[in-house]
Amino acid sequence: ALDQIPMYRYIAVADVFPATLKATESIPAADQLFAEAEQTRRQAGTMVPDLLKNEDVLRKALGKYANMIRQYQTSDKIDDAAFRMADIHEVFNDFQLALQYYQRAYQWDPATPYPARFRAANILDRKLHNRAEALKLYQEALIKEAQFDEWRGPAQRRVKELTTSDTK
């Protein structure tokens, strides 16, 4: 039951990067740093919840993603890094930070190739219980991220459930 308790950060390693960054240009050095971070993340093991992962290696990957964003703030890989960082924060049950990084992924690149809006809405809905904000984001995700079949059905169901519960 302890894995269901939210994990609170008592020492913040770094702040979330500002929403004003934009993923606009291909930078080979940033691509290289992103590839190194990806390799490190894969070394930690599977990202499937409840399976063993090497958390120290995941923390290293977080640092590499953050370093890439810090050094190359206009790279077209910053949204990719933000999405991966959010995934890792979800593994650590730090849902507030995961939410912020999912938001950064679609703020930095509105056409991000990841289901960042769906994932952010899911955290708002299921973990942070902010149903009104989750509903808005689910609706936006259904328009802007319709290509993600595995998320579309559950999102449509949640929109229906949330709108039905709001009208009662």
# chains A, B, ... in the order shown; residues from 1 in each chain; ligands from 1
call {"tool": "select_by_dssp", "arguments": {"residues": "range 53-144 of chain A", "states": "helix (DSSP H, G or I)", "output": "NGL selection string"}}
result
:A and (55-71 or 78-91 or 95-108 or 116-127 or 131-144)
call {"tool": "residues_around", "arguments": {"residues": "Arg152 in chain A", "least_positions_apart": "3", "cutoff": "10 Å", "atoms": "only C-alpha atoms", "output": "count of residues only"}}
result
15
call {"tool": "residues_around", "arguments": {"residues": "Phe83 in chain A", "least_positions_apart": "3", "cutoff": "6 Å", "atoms": "only C-alpha atoms", "output": "NGL selection string"}}
result
:A and (80 or 86 or 102 or 105)
call {"tool": "atom_distance", "arguments": {"atom1": "CA of Asp31 in chain A", "atom2": "CA of Gly45 in chain A"}}
result
21.9 Å
call {"tool": "residues_around", "arguments": {"residues": "range 64-71 of chain A", "least_positions_apart": "3", "cutoff": "12 Å", "atoms": "only C-alpha atoms", "output": "PyMOL selection string"}}
result
chain A and resi 13-18+21-23+27-41+57-61+74-88+101+104-105+108
call {"tool": "write_last_selection", "arguments": {"atoms": "N, CA and C atoms", "output": "short mmCIF file (atom, residue, chain, number, x, y, z; two decimals), in the first residue's frame"}}
result
data_model
loop_
_atom_site.label_atom_id
_atom_site.label_comp_id
_atom_site.auth_asym_id
_atom_site.auth_seq_id
_atom_site.Cartn_x
_atom_site.Cartn_y
_atom_site.Cartn_z
N VAL A 13 15.59 19.50 -6.46
CA VAL A 13 16.86 19.50 -7.17
C VAL A 13 16.91 20.63 -8.18
N ALA A 14 15.82 20.86 -8.87
CA ALA A 14 15.80 21.91 -9.87
C ALA A 14 14.36 22.36 -10.09
N ASP A 15 14.22 23.59 -10.50
CA ASP A 15 12.90 24.09 -10.83
C ASP A 15 12.53 23.62 -12.23
N VAL A 16 11.25 23.66 -12.51
CA VAL A 16 10.77 23.34 -13.85
C VAL A 16 11.13 24.50 -14.75
N PHE A 17 11.53 24.19 -15.96
CA PHE A 17 11.89 25.22 -16.92
C PHE A 17 10.67 26.05 -17.30
N PRO A 18 10.86 27.30 -17.72
CA PRO A 18 9.71 28.16 -18.02
C PRO A 18 8.93 27.69 -19.25
N LEU A 21 9.83 28.65 -23.43
CA LEU A 21 10.77 28.07 -24.38
C LEU A 21 10.02 27.57 -25.60
N LYS A 22 10.69 27.52 -26.74
CA LYS A 22 10.08 27.02 -27.97
C LYS A 22 11.04 26.07 -28.66
N ALA A 23 10.51 24.92 -29.07
CA ALA A 23 11.28 23.92 -29.80
C ALA A 23 11.27 24.32 -31.27
N ILE A 27 19.43 21.01 -33.52
CA ILE A 27 20.79 21.30 -33.06
C ILE A 27 21.47 19.96 -32.83
N PRO A 28 22.47 19.62 -33.65
CA PRO A 28 23.13 18.31 -33.53
C PRO A 28 23.67 18.01 -32.13
N ALA A 29 24.23 19.00 -31.46
CA ALA A 29 24.77 18.76 -30.12
C ALA A 29 23.64 18.42 -29.14
N ALA A 30 22.51 19.07 -29.29
CA ALA A 30 21.35 18.76 -28.44
C ALA A 30 20.83 17.35 -28.75
N ASP A 31 20.82 17.00 -30.02
CA ASP A 31 20.39 15.65 -30.41
C ASP A 31 21.29 14.60 -29.77
N GLN A 32 22.58 14.88 -29.72
CA GLN A 32 23.53 13.96 -29.11
C GLN A 32 23.28 13.82 -27.61
N LEU A 33 23.07 14.94 -26.92
CA LEU A 33 22.79 14.88 -25.49
C LEU A 33 21.48 14.15 -25.22
N PHE A 34 20.48 14.38 -26.07
CA PHE A 34 19.21 13.69 -25.90
C PHE A 34 19.40 12.18 -26.09
N ALA A 35 20.18 11.79 -27.08
CA ALA A 35 20.44 10.37 -27.32
C ALA A 35 21.16 9.74 -26.12
N GLU A 36 22.09 10.46 -25.52
CA GLU A 36 22.78 9.96 -24.33
C GLU A 36 21.80 9.79 -23.16
N ALA A 37 20.92 10.75 -22.99
CA ALA A 37 19.92 10.65 -21.92
C ALA A 37 18.98 9.47 -22.16
N GLU A 38 18.58 9.27 -23.41
CA GLU A 38 17.71 8.14 -23.76
C GLU A 38 18.40 6.82 -23.44
N GLN A 39 19.67 6.73 -23.79
CA GLN A 39 20.42 5.50 -23.52
C GLN A 39 20.49 5.25 -22.01
N THR A 40 20.72 6.30 -21.25
CA THR A 40 20.77 6.16 -19.79
C THR A 40 19.42 5.72 -19.26
N ARG A 41 18.33 6.32 -19.76
CA ARG A 41 16.98 5.96 -19.31
C ARG A 41 16.70 4.48 -19.59
N VAL A 57 19.80 5.35 -11.79
CA VAL A 57 20.04 5.55 -13.22
C VAL A 57 18.97 6.49 -13.79
N LEU A 58 17.72 6.34 -13.33
CA LEU A 58 16.67 7.26 -13.78
C LEU A 58 16.99 8.69 -13.37
N ARG A 59 17.54 8.88 -12.19
CA ARG A 59 17.92 10.23 -11.74
C ARG A 59 19.04 10.79 -12.63
N LYS A 60 19.95 9.94 -13.04
CA LYS A 60 21.01 10.38 -13.97
C LYS A 60 20.39 10.81 -15.29
N ALA A 61 19.45 10.03 -15.77
CA ALA A 61 18.77 10.38 -17.03
C ALA A 61 18.05 11.72 -16.88
N THR A 74 16.38 26.16 -27.52
CA THR A 74 15.58 26.25 -28.75
C THR A 74 15.61 24.96 -29.56
N SER A 75 16.19 23.93 -29.01
CA SER A 75 16.29 22.65 -29.71
C SER A 75 14.92 22.04 -29.94
N ASP A 76 14.78 21.37 -31.06
CA ASP A 76 13.51 20.68 -31.33
C ASP A 76 13.36 19.41 -30.48
N LYS A 77 14.32 19.14 -29.62
CA LYS A 77 14.25 17.98 -28.73
C LYS A 77 13.81 18.34 -27.31
N ILE A 78 13.57 19.62 -27.02
CA ILE A 78 13.22 19.96 -25.64
C ILE A 78 11.86 19.41 -25.23
N ASP A 79 10.92 19.32 -26.19
CA ASP A 79 9.63 18.73 -25.84
C ASP A 79 9.76 17.23 -25.60
N ASP A 80 10.64 16.59 -26.37
CA ASP A 80 10.91 15.16 -26.17
C ASP A 80 11.49 14.92 -24.78
N ALA A 81 12.46 15.77 -24.41
CA ALA A 81 13.09 15.64 -23.10
C ALA A 81 12.08 15.89 -21.98
N ALA A 82 11.22 16.89 -22.15
CA ALA A 82 10.21 17.18 -21.13
C ALA A 82 9.27 15.99 -20.96
N PHE A 83 8.87 15.37 -22.07
CA PHE A 83 7.97 14.22 -21.98
C PHE A 83 8.65 13.07 -21.24
N ARG A 84 9.91 12.80 -21.55
CA ARG A 84 10.64 11.72 -20.87
C ARG A 84 10.83 12.03 -19.39
N MET A 85 11.10 13.31 -19.08
CA MET A 85 11.26 13.69 -17.68
C MET A 85 9.95 13.47 -16.92
N ALA A 86 8.83 13.79 -17.56
CA ALA A 86 7.53 13.57 -16.94
C ALA A 86 7.30 12.09 -16.66
N ASP A 87 7.66 11.25 -17.63
CA ASP A 87 7.54 9.79 -17.44
C ASP A 87 8.31 9.35 -16.19
N ILE A 88 9.52 9.85 -16.06
CA ILE A 88 10.36 9.46 -14.93
C ILE A 88 9.76 9.96 -13.62
N TYR A 101 5.94 18.81 -16.42
CA TYR A 101 6.76 18.47 -17.59
C TYR A 101 5.91 18.00 -18.76
N ARG A 104 4.87 21.19 -20.22
CA ARG A 104 5.96 21.84 -20.97
C ARG A 104 6.12 21.20 -22.34
N ALA A 105 5.93 19.91 -22.45
CA ALA A 105 6.09 19.23 -23.74
C ALA A 105 5.17 19.85 -24.78
N TRP A 108 5.95 23.82 -25.27
CA TRP A 108 7.14 24.10 -26.05
C TRP A 108 6.98 23.72 -27.51
#
call {"tool": "closest_residue", "arguments": {"among": "A:Tyr72, A:Gln96, A:Gln107, A:Tyr114", "to": "Ser26 in chain A", "atoms": "only C-alpha atoms"}}
result
A:Tyr72
call {"tool": "atom_distance", "arguments": {"atom1": "CA of Ala98 in chain A", "atom2": "CA of Ala134 in chain A"}}
result
14.4 Å
call {"tool": "atom_distance", "arguments": {"atom1": "CA of Arg126 in chain A", "atom2": "CA of Lys144 in chain A"}}
result
21.0 Å
